[in-house]
Number of protein chains: 2
Amino acid sequence: MASERSVPPTLSEVAEAAGVSRSAAARTLGGYGYVSPEVRERVLEAAERIGYRANALARSMSTGVTQTLGVIVADIANPFFGGVVRGISDASRARGFDTIVLSTHEDLDEEIAAVNVLIDKRVDGIVLASAALSSASAGHIEQARAHGVPVVLVDRAVPGLDLASVVIDNRAAAREAVERLLEAGHRRIGFVWGPPVAERPRRRRELIDEAARNLWTDGERLQGYLDALDDAGIAFDADLVTVGPKVEQHAQEEVERMLSLDEPPTALFCTENDAVTGALRALRSLRLRIGADVSLIGFDDSSWAAVMEPPLTMIEQPTLALGSKAADVLFAAIDGEQSATGLHTLQTRFIERASVLAPPER
Amino acid sequence: MASERSVPPTLSEVAEAAGVSRSAAARTLGGYGYVSPEVRERVLEAAERIGYRANALARSMSTGVTQTLGVIVADIANPFFGGVVRGISDASRARGFDTIVLSTHEDLDEEIAAVNVLIDKRVDGIVLASAALSSASAGHIEQARAHGVPVVLVDRAVPGLDLASVVIDNRAAAREAVERLLEAGHRRIGFVWGPPVAERPRRRRELIDEAARNLWTDGERLQGYLDALDDAGIAFDADLVTVGPKVEQHAQEEVERMLSLDEPPTALFCTENDAVTGALRALRSLRLRIGADVSLIGFDDSSWAAVMEPPLTMIEQPTLALGSKAADVLFAAIDGEQSATGLHTLQTRFIERASVLAPPER
DNA sequence: CGAAATTGTGACACCGGTACCAGCATTGAT
DNA sequence: ATCAATGCTGGTACCGGTGTCACAATTTCG
């Protein structure tokens with residue numbers, strides 16, 4: 001083997017190989033100051049020959065800039081966040097930035113640790129899908145800003161915090177979906193993926209609070225559901241909202257319970273991918289047909305939804321756009337622009353397929 | 001506001017605040033050498049008070065270690081890679097390592113650039129799902145090793161390269177799936193997600209080469225398909241293998257073509273998620289029933305497959321385990337253990353559901 | 001021909017840690 | 001009383017870049 005070394009060459013070694021001073025080599029490679037064409041040529045040749053690559057750590061040390069963005073999401077294996085991260089990553093790459101991705105498993109302590117890691121690594125900015133629910137639990141976000149690291153929230157806003165956030169209009173999207181169900185004639189509409197509490201809140205306010213306490217988006221979607229019901233003059237029924245652990249299997253059980261009520265729902269609104277598949281499992285186990293027996297609308301479109309029998313009417317979230325927009329806003333903040341604040345709302349897309357029919361005659 | 005600063009405090013500032021030397025503060029915070037209890041107390045208090053956090057860049061500069069792993073995948077938005085990255089990320093975190101994730105969009109040039117970025121950032125190791133197909137195009141991998149950065153391949157092996165790789169047994173998994181179809185009585189079995197060439201190779205060898213040239217896993221899966229056919233004494237029919245762009249829509253078109261042959265396939269083996277949904281779209285458009293008319297087995301199980309009508313028989317890949325195993329092997333290599341070489345093969349799981357029935361009577 | 005302007009060079013301080021080392025007290029042993 | 005061992009401290013070199021600056025060499029121009 002020709003180059004059998006395990007330590008990368010340094011600037012000094014380039015200079016030595018070229019027979020010039022470290023400074024001259026630095027100026028050539030750094031593209032500043034005066035360098036004679038002859039020296040420049042020698043340095044470039046030497047750098048090429050010994051395979052020199054600048055140490056990004058050392059550069060960051062002296063420039064104070066890492067050209068790196070930190071990204072914190074709940075779970076990178078979740079396709080939704082996968083899309084968001086991809087959007088951030090592509091947008092960053094276009095600006096010559098790299099991304100460090102950290103998963104928090106939706107745990108606030110892990111999120112705080114993640115923010116600290118990113119501060120320590122001196123990232124130039126952070127995109128955060130936060131599990132924090134109010135300004136009271138957002139101390140770590142404040143700390144990042146105090147350390148001079150701009151933060152942009154994505155997917156979730158933190159009420160009461162004056163922070164740039166890139167989100168979708170969850171409330172309006174949920175409302176639209178439920179309105180479609182109402183238009184089709186449904187009056188009993190189940191809400192799948194309610195708050196993860198053990199005991200079912202009977203009061204409406206309580207339910208909303210619990211949902212919002214768990215996840216901002218969930219609170220918004222529940223609100224949208226209630227908005228549509230209110231407009232139609234339909235009374236809220238606590239039995240038509242699932243509660244309990246947010247896992248597919250539990251969603252199934254809750255939907256089965258719901259469909260076994262004396263007055264079961266004739267339509268379901270599912271606010272998450274696993275809520276949809278959980279609900280479909282329930283329909284299957286009760287031998288009910290999608291659409292004909294129970295209409296359904298879900299959040300988070302996927303290519304699978306289109307090949308179901310019947311194809312599912314879904315709400316598509318612009319995951320890539322969410323990510324790239326967040327990156328753009330963050331870059332604006334890094335560049336010191338004032339515009340990089342407030343709420344940026346992206347549009348969802350209502351994809352009408354065939355899982356919504358009129359409720360069955362009784 | 002109390003702490004209205006935008007530059008993080010340094011070790012020197014801690015020392016100054018505690019009224020001791022930089023060295024004493026360093027010894028306290030670094031946990032080495034002698035420090036009197038009194039000084040120790042003062043330093044700790046001062047560090048706490050001014051919110052000191054060690055600069056990871058500076059530390060890495062002098063220790064030569066970053067506690068960071070680089071991860072390079074084709075597309076982080078792909079649920080398969082999402083799982084792998086999650087596995088790597090969780091395993092790394094358990095060892096106090098962070099991960100930098102780069103997407104290459106399955107482009108070798110981007111992959112080379114990504115490797116260079118990681119070398120520059122002095123990551124301690126790289127997990128790579130490479131688009132390189134032979135040792136001839138793996139110069140960048142060699143370069144990483146020459147720079148002292150250990151590399152572990154995941155999901156894909158590079159033939160002819162002596163490198164640690166963590167993969168599944170694609171060939172055996174494909175073979176098993178096709179055997180199941182044969183056992184059910186099928187003799188005409190379509191292979192969905194063949195090589196992305198414009199013109200259909202007629203010769204078997206040519207087809208395999210094309211598939212392998214595009215992606216190692218695809219070549220292996222095609223081999224497994226042919227293995228099973230060979231064992232059953234069934235002649236290979238080039239018309240039963242899709243060719244062309246690897247997108248869902250094209251898979252649909254190719255499957256439609258296939259099903260319109262004089263002797264159409266009675267079963268389909270799909271080697272990828274989008275191949276499955278593409279095939280299902282084709283069945284839908286031709287009004288054919290899954291199982292009853294055309295049996296189907298696919299790669300990459302998802303919760304959707306279980307709620308299809310009928311539920312789909314699938315091959316599940318251990319994405320998380322693939323990632324965590326890759327991380328483990330990489331850590332072994334970082335620790336200088338010799339064991340960290342060769343091929344590590346993980347098991348797939350064959351999930352039998354209900355999309356495989358006997359071929360229809362003609 | 002000499003002063004000023006231009007062109008090019010190497011020395012060096014700095015970023016913020018790590019870790020080695022010389023040296024000073026204090027204590028105990030001989 | 002002398003010396004060694006022990007406890008603790010501050011000074012300092014180093015990691016590998018960036019970028020300023022003093023200064024030397026060459027060219028330009030009055």
# chains A, B, ... in the order shown; residues from 1 in each chain; ligands from 1
>>> interface_residues(of="chain D", to="chain B", cutoff="10 Å", atoms="only C-alpha atoms (C1' of nucleotides)", output="number ranges by chain")
D: 7-11, 14-16
>>> residues_around(residues="Gly233 (chain A)", least_positions_apart="6", cutoff="12 Å", atoms="only C-alpha atoms (C1' of nucleotides)", output="compact mmCIF listing (two decimals) with C-alpha atoms, in the first residue's frame")
# COMPACT_ATOMS: atom_id res chain seq x y z
CA GLU A 179 -66.68 18.70 8.37
CA LEU A 182 -70.57 15.75 8.77
CA ARG A 187 -73.54 12.56 13.46
CA LEU A 226 -64.76 19.97 18.53
CA ASP A 227 -64.95 23.11 16.40
>>> select_by_dssp(residues="region 70-306 of chain B", states="alpha helix (DSSP H)", output="PyMOL selection string")
chain B and resi 79-94+108-120+139-146+170-183+204-214+216-231+248-259+273-285
>>> write_last_selection(atoms="C-alpha atoms", output="mmCIF file, in the first residue's frame")
data_model
loop_
_atom_site.group_PDB
_atom_site.id
_atom_site.type_symbol
_atom_site.label_atom_id
_atom_site.label_comp_id
_atom_site.auth_asym_id
_atom_site.auth_seq_id
_atom_site.Cartn_x
_atom_site.Cartn_y
_atom_site.Cartn_z
ATOM 1 C CA PRO B 79 -38.621 4.003 6.800
ATOM 2 C CA PHE B 80 -36.080 1.227 6.365
ATOM 3 C CA PHE B 81 -33.159 3.586 6.863
ATOM 4 C CA GLY B 82 -35.116 5.437 9.511
ATOM 5 C CA GLY B 83 -35.124 2.244 11.542
ATOM 6 C CA VAL B 84 -31.461 1.605 10.901
ATOM 7 C CA VAL B 85 -30.500 5.117 11.936
ATOM 8 C CA ARG B 86 -32.636 4.829 15.029
ATOM 9 C CA GLY B 87 -30.846 1.608 15.940
ATOM 10 C CA ILE B 88 -27.435 3.187 15.444
ATOM 11 C CA SER B 89 -28.465 6.308 17.279
ATOM 12 C CA ASP B 90 -29.804 4.473 20.330
ATOM 13 C CA ALA B 91 -26.782 2.181 20.553
ATOM 14 C CA SER B 92 -24.437 5.149 20.217
ATOM 15 C CA ARG B 93 -26.241 7.130 22.831
ATOM 16 C CA ALA B 94 -25.849 4.264 25.264
ATOM 17 C CA LEU B 108 -21.924 7.817 -5.337
ATOM 18 C CA ASP B 109 -20.541 11.329 -5.687
ATOM 19 C CA GLU B 110 -22.650 12.526 -2.795
ATOM 20 C CA GLU B 111 -21.474 9.538 -0.839
ATOM 21 C CA ILE B 112 -17.850 10.417 -1.466
ATOM 22 C CA ALA B 113 -18.509 14.001 -0.406
ATOM 23 C CA ALA B 114 -20.253 12.710 2.715
ATOM 24 C CA VAL B 115 -17.289 10.555 3.673
ATOM 25 C CA ASN B 116 -15.000 13.545 3.278
ATOM 26 C CA VAL B 117 -17.218 15.687 5.464
ATOM 27 C CA LEU B 118 -17.074 13.058 8.173
ATOM 28 C CA ILE B 119 -13.313 12.725 7.889
ATOM 29 C CA ASP B 120 -13.007 16.498 8.171
ATOM 30 C CA GLY B 139 -11.733 4.462 -3.033
ATOM 31 C CA HIS B 140 -13.452 6.767 -0.585
ATOM 32 C CA ILE B 141 -13.840 3.913 1.881
ATOM 33 C CA GLU B 142 -10.145 3.200 1.617
ATOM 34 C CA GLN B 143 -9.442 6.860 2.146
ATOM 35 C CA ALA B 144 -11.416 6.913 5.370
ATOM 36 C CA ARG B 145 -9.435 3.975 6.669
ATOM 37 C CA ALA B 146 -6.194 5.632 5.573
ATOM 38 C CA ASN B 170 -31.202 -11.326 1.184
ATOM 39 C CA ARG B 171 -30.662 -14.304 -1.025
ATOM 40 C CA ALA B 172 -31.998 -16.810 1.507
ATOM 41 C CA ALA B 173 -34.942 -14.606 2.417
ATOM 42 C CA ALA B 174 -35.953 -14.187 -1.210
ATOM 43 C CA ARG B 175 -35.508 -17.865 -1.838
ATOM 44 C CA GLU B 176 -37.712 -18.781 1.097
ATOM 45 C CA ALA B 177 -40.460 -16.439 -0.042
ATOM 46 C CA VAL B 178 -40.448 -17.856 -3.552
ATOM 47 C CA GLU B 179 -40.388 -21.395 -2.156
ATOM 48 C CA ARG B 180 -43.567 -20.645 -0.268
ATOM 49 C CA LEU B 181 -45.189 -19.528 -3.477
ATOM 50 C CA LEU B 182 -44.000 -22.690 -5.210
ATOM 51 C CA GLU B 183 -45.334 -24.827 -2.392
ATOM 52 C CA ARG B 204 -30.392 -14.638 -17.193
ATOM 53 C CA ARG B 205 -26.754 -13.827 -16.435
ATOM 54 C CA GLU B 206 -27.142 -10.404 -17.924
ATOM 55 C CA LEU B 207 -30.172 -9.709 -15.775
ATOM 56 C CA ILE B 208 -28.405 -10.680 -12.563
ATOM 57 C CA ASP B 209 -25.429 -8.545 -13.473
ATOM 58 C CA GLU B 210 -27.610 -5.554 -14.154
ATOM 59 C CA ALA B 211 -29.471 -5.967 -10.878
ATOM 60 C CA ALA B 212 -26.285 -6.366 -8.873
ATOM 61 C CA ARG B 213 -24.686 -3.463 -10.680
ATOM 62 C CA ASN B 214 -27.449 -1.228 -9.465
ATOM 63 C CA TRP B 216 -26.080 -5.263 -4.039
ATOM 64 C CA THR B 217 -29.267 -6.254 -2.191
ATOM 65 C CA ASP B 218 -31.260 -6.384 -5.415
ATOM 66 C CA GLY B 219 -28.759 -8.707 -7.027
ATOM 67 C CA GLU B 220 -28.931 -11.017 -4.017
ATOM 68 C CA ARG B 221 -32.698 -11.059 -3.962
ATOM 69 C CA LEU B 222 -32.884 -11.823 -7.648
ATOM 70 C CA GLN B 223 -30.423 -14.635 -7.097
ATOM 71 C CA GLY B 224 -32.602 -16.059 -4.340
ATOM 72 C CA TYR B 225 -35.607 -15.921 -6.640
ATOM 73 C CA LEU B 226 -33.691 -17.816 -9.305
ATOM 74 C CA ASP B 227 -32.351 -20.314 -6.768
ATOM 75 C CA ALA B 228 -35.863 -21.297 -5.786
ATOM 76 C CA LEU B 229 -36.950 -21.541 -9.426
ATOM 77 C CA ASP B 230 -33.931 -23.690 -10.248
ATOM 78 C CA ASP B 231 -34.615 -26.063 -7.392
ATOM 79 C CA GLU B 248 -43.979 2.992 -7.520
ATOM 80 C CA GLN B 249 -45.739 4.127 -10.652
ATOM 81 C CA HIS B 250 -43.407 2.321 -12.967
ATOM 82 C CA ALA B 251 -43.685 -0.833 -10.891
ATOM 83 C CA GLN B 252 -47.418 -0.595 -11.397
ATOM 84 C CA GLU B 253 -47.039 -0.306 -15.172
ATOM 85 C CA GLU B 254 -44.660 -3.214 -15.350
ATOM 86 C CA VAL B 255 -46.888 -5.426 -13.250
ATOM 87 C CA GLU B 256 -49.854 -4.484 -15.441
ATOM 88 C CA ARG B 257 -47.841 -5.493 -18.462
ATOM 89 C CA MET B 258 -46.915 -8.772 -16.830
ATOM 90 C CA LEU B 259 -50.471 -9.590 -15.847
ATOM 91 C CA ASN B 273 -42.049 -1.424 -0.105
ATOM 92 C CA ASP B 274 -42.784 0.669 -3.177
ATOM 93 C CA ALA B 275 -42.744 -2.464 -5.294
ATOM 94 C CA VAL B 276 -45.528 -3.862 -3.122
ATOM 95 C CA THR B 277 -47.745 -0.811 -3.347
ATOM 96 C CA GLY B 278 -47.012 -0.504 -7.049
ATOM 97 C CA ALA B 279 -48.053 -4.115 -7.553
ATOM 98 C CA LEU B 280 -51.188 -3.597 -5.483
ATOM 99 C CA ARG B 281 -52.096 -0.601 -7.613
ATOM 100 C CA ALA B 282 -51.761 -2.808 -10.672
ATOM 101 C CA LEU B 283 -54.011 -5.480 -9.192
ATOM 102 C CA ARG B 284 -56.553 -2.847 -8.315
ATOM 103 C CA SER B 285 -56.567 -1.313 -11.776
#
>>> interface_residues(of="chain C", to="chain A", cutoff="7 Å", atoms="only C-alpha atoms (C1' of nucleotides)", output="list in words")
DG8, DG10 and DC15 of chain C
>>> write_last_selection(atoms="C-alpha atoms (C1' of nucleotides)", output="PDB file, in the first residue's frame")
ATOM      1  C1'  DG C   8       5.013  38.869  -0.729  1.00  0.00           C
ATOM      2  C1'  DG C  10       7.193  34.308   7.991  1.00  0.00           C
ATOM      3  C1'  DC C  15      -9.614  29.745  19.977  1.00  0.00           C
TER       4       DC C  15
END
>>> atom_distance(atom1="CA of Ala157 (chain A)", atom2="CA of Asp300 (chain A)")
18.8 Å
>>> closest_atom_pairs(of="region 113-178 of chain B", to="region 313-325 of chain B", cutoff="8 Å", atoms="only C-alpha atoms", output="JSON lines")
{"residue": "B:Val154", "atom": "CA", "partner": "B:Leu322", "partner_atom": "CA", "distance": 7.1}
{"residue": "B:Asp155", "atom": "CA", "partner": "B:Leu322", "partner_atom": "CA", "distance": 7.4}
{"residue": "B:Val166", "atom": "CA", "partner": "B:Leu322", "partner_atom": "CA", "distance": 6.5}
{"residue": "B:Val167", "atom": "CA", "partner": "B:Leu322", "partner_atom": "CA", "distance": 6.9}
{"residue": "B:Ile168", "atom": "CA", "partner": "B:Gln317", "partner_atom": "CA", "distance": 7.6}
{"residue": "B:Ala173", "atom": "CA", "partner": "B:Ile315", "partner_atom": "CA", "distance": 7.5}
{"residue": "B:Ala177", "atom": "CA", "partner": "B:Ile315", "partner_atom": "CA", "distance": 7.8}
>>> residues_around(residues="region 1-4 of chain C", least_positions_apart="2", cutoff="9 Å", atoms="only C-alpha atoms (C1' of nucleotides)", output="list of chain:residue names")
D:DT28, D:DC29, D:DG30
>>> write_last_selection(atoms="N, CA and C atoms (P, O5', C5', C4', C3', O3' and C1' of nucleotides)", output="short mmCIF file (atom, residue, chain, number, x, y, z; two decimals), in the first residue's frame")
data_model
loop_
_atom_site.label_atom_id
_atom_site.label_comp_id
_atom_site.auth_asym_id
_atom_site.auth_seq_id
_atom_site.Cartn_x
_atom_site.Cartn_y
_atom_site.Cartn_z
P DT D 28 6.79 48.08 -12.32
"O5'" DT D 28 6.50 49.47 -11.60
"C5'" DT D 28 5.44 49.54 -10.65
"C4'" DT D 28 5.29 50.98 -10.17
"C3'" DT D 28 5.38 52.03 -11.30
"O3'" DT D 28 4.32 52.96 -11.15
"C1'" DT D 28 6.94 52.54 -9.56
P DC D 29 3.98 54.01 -12.33
"O5'" DC D 29 4.55 55.36 -11.70
"C5'" DC D 29 4.23 55.68 -10.34
"C4'" DC D 29 5.13 56.82 -9.87
"C3'" DC D 29 5.37 57.91 -10.93
"O3'" DC D 29 5.11 59.17 -10.36
"C1'" DC D 29 7.41 57.21 -9.94
P DG D 30 4.98 60.45 -11.23
"O5'" DG D 30 5.72 61.52 -10.33
"C5'" DG D 30 5.45 61.56 -8.93
"C4'" DG D 30 6.62 62.23 -8.21
"C3'" DG D 30 7.03 63.57 -8.82
"O3'" DG D 30 7.45 64.45 -7.79
"C1'" DG D 30 8.85 62.06 -8.94
#
>>> closest_residue(among="B:Phe269, B:Tyr32, B:Phe236, B:Tyr52", to="chain A", atoms="only C-alpha atoms")
B:Tyr52
>>> atom_distance(atom1="C1' of DT12 (chain D)", atom2="CA of Glu41 (chain B)")
25.0 Å
>>> atom_distance(atom1="CA of Asp124 (chain B)", atom2="CA of Val7 (chain A)")
12.3 Å
>>> residues_around(residues="DA22 (chain D)", least_positions_apart="2", cutoff="10 Å", atoms="only C-alpha atoms (C1' of nucleotides)", output="ChimeraX atom specification")
/C:10-11 /D:20,24
>>> write_last_selection(atoms="C-alpha atoms (C1' of nucleotides)", output="mmCIF file, in the first residue's frame")
data_model
loop_
_atom_site.group_PDB
_atom_site.id
_atom_site.type_symbol
_atom_site.label_atom_id
_atom_site.label_comp_id
_atom_site.auth_asym_id
_atom_site.auth_seq_id
_atom_site.Cartn_x
_atom_site.Cartn_y
_atom_site.Cartn_z
ATOM 1 C "C1'" DG C 10 7.193 34.308 7.991
ATOM 2 C "C1'" DA C 11 6.335 34.991 12.997
ATOM 3 C "C1'" DT D 20 -3.131 40.032 11.948
ATOM 4 C "C1'" DA D 24 11.653 42.470 3.554
#
>>> select_by_dssp(residues="region 37-136 of chain A", states="strand (DSSP E or B)", output="PyMOL selection string")
chain A and resi 68-73+98-103+125-128
>>> write_last_selection(atoms="N, CA and C atoms", output="short mmCIF file (atom, residue, chain, number, x, y, z; two decimals), in the first residue's frame")
data_model
loop_
_atom_site.label_atom_id
_atom_site.label_comp_id
_atom_site.auth_asym_id
_atom_site.auth_seq_id
_atom_site.Cartn_x
_atom_site.Cartn_y
_atom_site.Cartn_z
N THR A 68 -22.76 23.54 11.08
CA THR A 68 -23.53 22.36 11.45
C THR A 68 -24.81 22.77 12.16
N LEU A 69 -25.90 22.08 11.79
CA LEU A 69 -27.18 22.31 12.43
C LEU A 69 -27.51 21.12 13.31
N GLY A 70 -28.11 21.38 14.44
CA GLY A 70 -28.56 20.29 15.29
C GLY A 70 -30.05 20.06 15.06
N VAL A 71 -30.45 18.80 15.04
CA VAL A 71 -31.86 18.48 14.86
C VAL A 71 -32.30 17.54 15.97
N ILE A 72 -33.37 17.90 16.64
CA ILE A 72 -33.87 17.06 17.73
C ILE A 72 -35.31 16.67 17.43
N VAL A 73 -35.55 15.38 17.28
CA VAL A 73 -36.92 14.90 17.04
C VAL A 73 -37.22 13.77 18.02
N ASP A 98 -24.01 20.69 7.67
CA ASP A 98 -24.31 19.30 7.99
C ASP A 98 -25.26 19.28 9.17
N THR A 99 -25.81 18.09 9.43
CA THR A 99 -26.78 18.00 10.51
C THR A 99 -26.43 16.89 11.49
N ILE A 100 -26.60 17.20 12.76
CA ILE A 100 -26.47 16.20 13.81
C ILE A 100 -27.89 15.91 14.28
N VAL A 101 -28.28 14.63 14.21
CA VAL A 101 -29.66 14.27 14.56
C VAL A 101 -29.70 13.52 15.88
N LEU A 102 -30.58 13.95 16.74
CA LEU A 102 -30.75 13.31 18.05
C LEU A 102 -32.21 12.93 18.24
N SER A 103 -32.46 11.72 18.73
CA SER A 103 -33.82 11.27 19.02
C SER A 103 -34.08 11.34 20.52
N GLY A 125 -27.06 26.31 15.04
CA GLY A 125 -28.49 26.50 15.23
C GLY A 125 -29.16 25.16 15.49
N ILE A 126 -30.36 25.21 16.05
CA ILE A 126 -31.06 23.98 16.40
C ILE A 126 -32.49 23.99 15.87
N VAL A 127 -32.87 22.89 15.21
CA VAL A 127 -34.27 22.68 14.85
C VAL A 127 -34.81 21.66 15.82
N LEU A 128 -35.89 22.02 16.47
CA LEU A 128 -36.37 21.21 17.57
C LEU A 128 -37.86 20.90 17.47
#
>>> closest_residue(among="B:Lys246, B:Arg156, B:Arg53, B:His105", to="Val192 (chain B)", atoms="only C-alpha atoms")
B:Lys246
>>> residues_around(residues="DA13 (chain D)", least_positions_apart="3", cutoff="12 Å", atoms="only C-alpha atoms (C1' of nucleotides)", output="ChimeraX atom specification")
/B:62 /C:18-21
>>> residues_around(residues="region 1-4 of chain D", least_positions_apart="4", cutoff="12 Å", atoms="only C-alpha atoms (C1' of nucleotides)", output="number ranges by chain")
C: 27-30
>>> write_last_selection(atoms="N, CA and C atoms (P, O5', C5', C4', C3', O3' and C1' of nucleotides)", output="PDB file, in the first residue's frame")
ATOM      1  P    DT C  27       1.058  20.335  58.727  1.00  0.00           P
ATOM      2  O5'  DT C  27       1.567  18.834  58.753  1.00  0.00           O
ATOM      3  C5'  DT C  27       1.018  17.878  57.838  1.00  0.00           C
ATOM      4  C4'  DT C  27       1.952  16.694  57.705  1.00  0.00           C
ATOM      5  C3'  DT C  27       2.439  16.133  59.039  1.00  0.00           C
ATOM      6  O3'  DT C  27       1.827  14.860  59.277  1.00  0.00           O
ATOM      7  C1'  DT C  27       4.171  16.212  57.379  1.00  0.00           C
ATOM      8  P    DG C  28       2.040  14.119  60.690  1.00  0.00           P
ATOM      9  O5'  DG C  28       3.171  13.068  60.293  1.00  0.00           O
ATOM     10  C5'  DG C  28       3.029  12.308  59.095  1.00  0.00           C
ATOM     11  C4'  DG C  28       4.303  11.517  58.837  1.00  0.00           C
ATOM     12  C3'  DG C  28       4.859  10.820  60.077  1.00  0.00           C
ATOM     13  O3'  DG C  28       5.202   9.476  59.736  1.00  0.00           O
ATOM     14  C1'  DG C  28       6.530  12.206  59.106  1.00  0.00           C
ATOM     15  P    DA C  29       5.685   8.478  60.827  1.00  0.00           P
ATOM     16  O5'  DA C  29       7.167   8.179  60.325  1.00  0.00           O
ATOM     17  C5'  DA C  29       7.384   7.900  58.940  1.00  0.00           C
ATOM     18  C4'  DA C  29       8.881   7.844  58.666  1.00  0.00           C
ATOM     19  C3'  DA C  29       9.685   7.052  59.697  1.00  0.00           C
ATOM     20  O3'  DA C  29      10.676   6.286  59.028  1.00  0.00           O
ATOM     21  C1'  DA C  29      10.529   9.262  59.564  1.00  0.00           C
ATOM     22  P    DT C  30      11.563   5.262  59.889  1.00  0.00           P
ATOM     23  O5'  DT C  30      12.939   6.023  60.019  1.00  0.00           O
ATOM     24  C5'  DT C  30      13.622   6.442  58.823  1.00  0.00           C
ATOM     25  C4'  DT C  30      14.900   7.174  59.188  1.00  0.00           C
ATOM     26  C3'  DT C  30      15.727   6.472  60.271  1.00  0.00           C
ATOM     27  O3'  DT C  30      17.115   6.488  59.911  1.00  0.00           O
ATOM     28  C1'  DT C  30      15.313   8.715  60.895  1.00  0.00           C
TER      29       DT C  30
END
>>> residues_around(residues="Ala238 (chain B)", least_positions_apart="3", cutoff="8 Å", atoms="only C-alpha atoms (C1' of nucleotides)", output="PyMOL selection string")
chain B and resi 200-204+241
>>> write_last_selection(atoms="N, CA and C atoms", output="short mmCIF file (atom, residue, chain, number, x, y, z; two decimals), in the first residue's frame")
data_model
loop_
_atom_site.label_atom_id
_atom_site.label_comp_id
_atom_site.auth_asym_id
_atom_site.auth_seq_id
_atom_site.Cartn_x
_atom_site.Cartn_y
_atom_site.Cartn_z
N ARG B 200 -35.01 -4.67 -21.69
CA ARG B 200 -35.08 -5.91 -20.93
C ARG B 200 -34.03 -6.91 -21.38
N PRO B 201 -33.12 -7.26 -20.47
CA PRO B 201 -32.12 -8.28 -20.83
C PRO B 201 -32.85 -9.61 -21.00
N ARG B 202 -32.49 -10.35 -22.03
CA ARG B 202 -33.15 -11.64 -22.23
C ARG B 202 -32.39 -12.75 -21.53
N ARG B 203 -31.09 -12.54 -21.42
CA ARG B 203 -30.30 -13.59 -20.80
C ARG B 203 -30.26 -13.43 -19.29
N ARG B 204 -30.36 -14.55 -18.64
CA ARG B 204 -30.39 -14.64 -17.19
C ARG B 204 -29.18 -13.99 -16.51
N VAL B 241 -39.87 -10.55 -15.03
CA VAL B 241 -39.06 -9.68 -14.17
C VAL B 241 -39.26 -8.24 -14.63
#
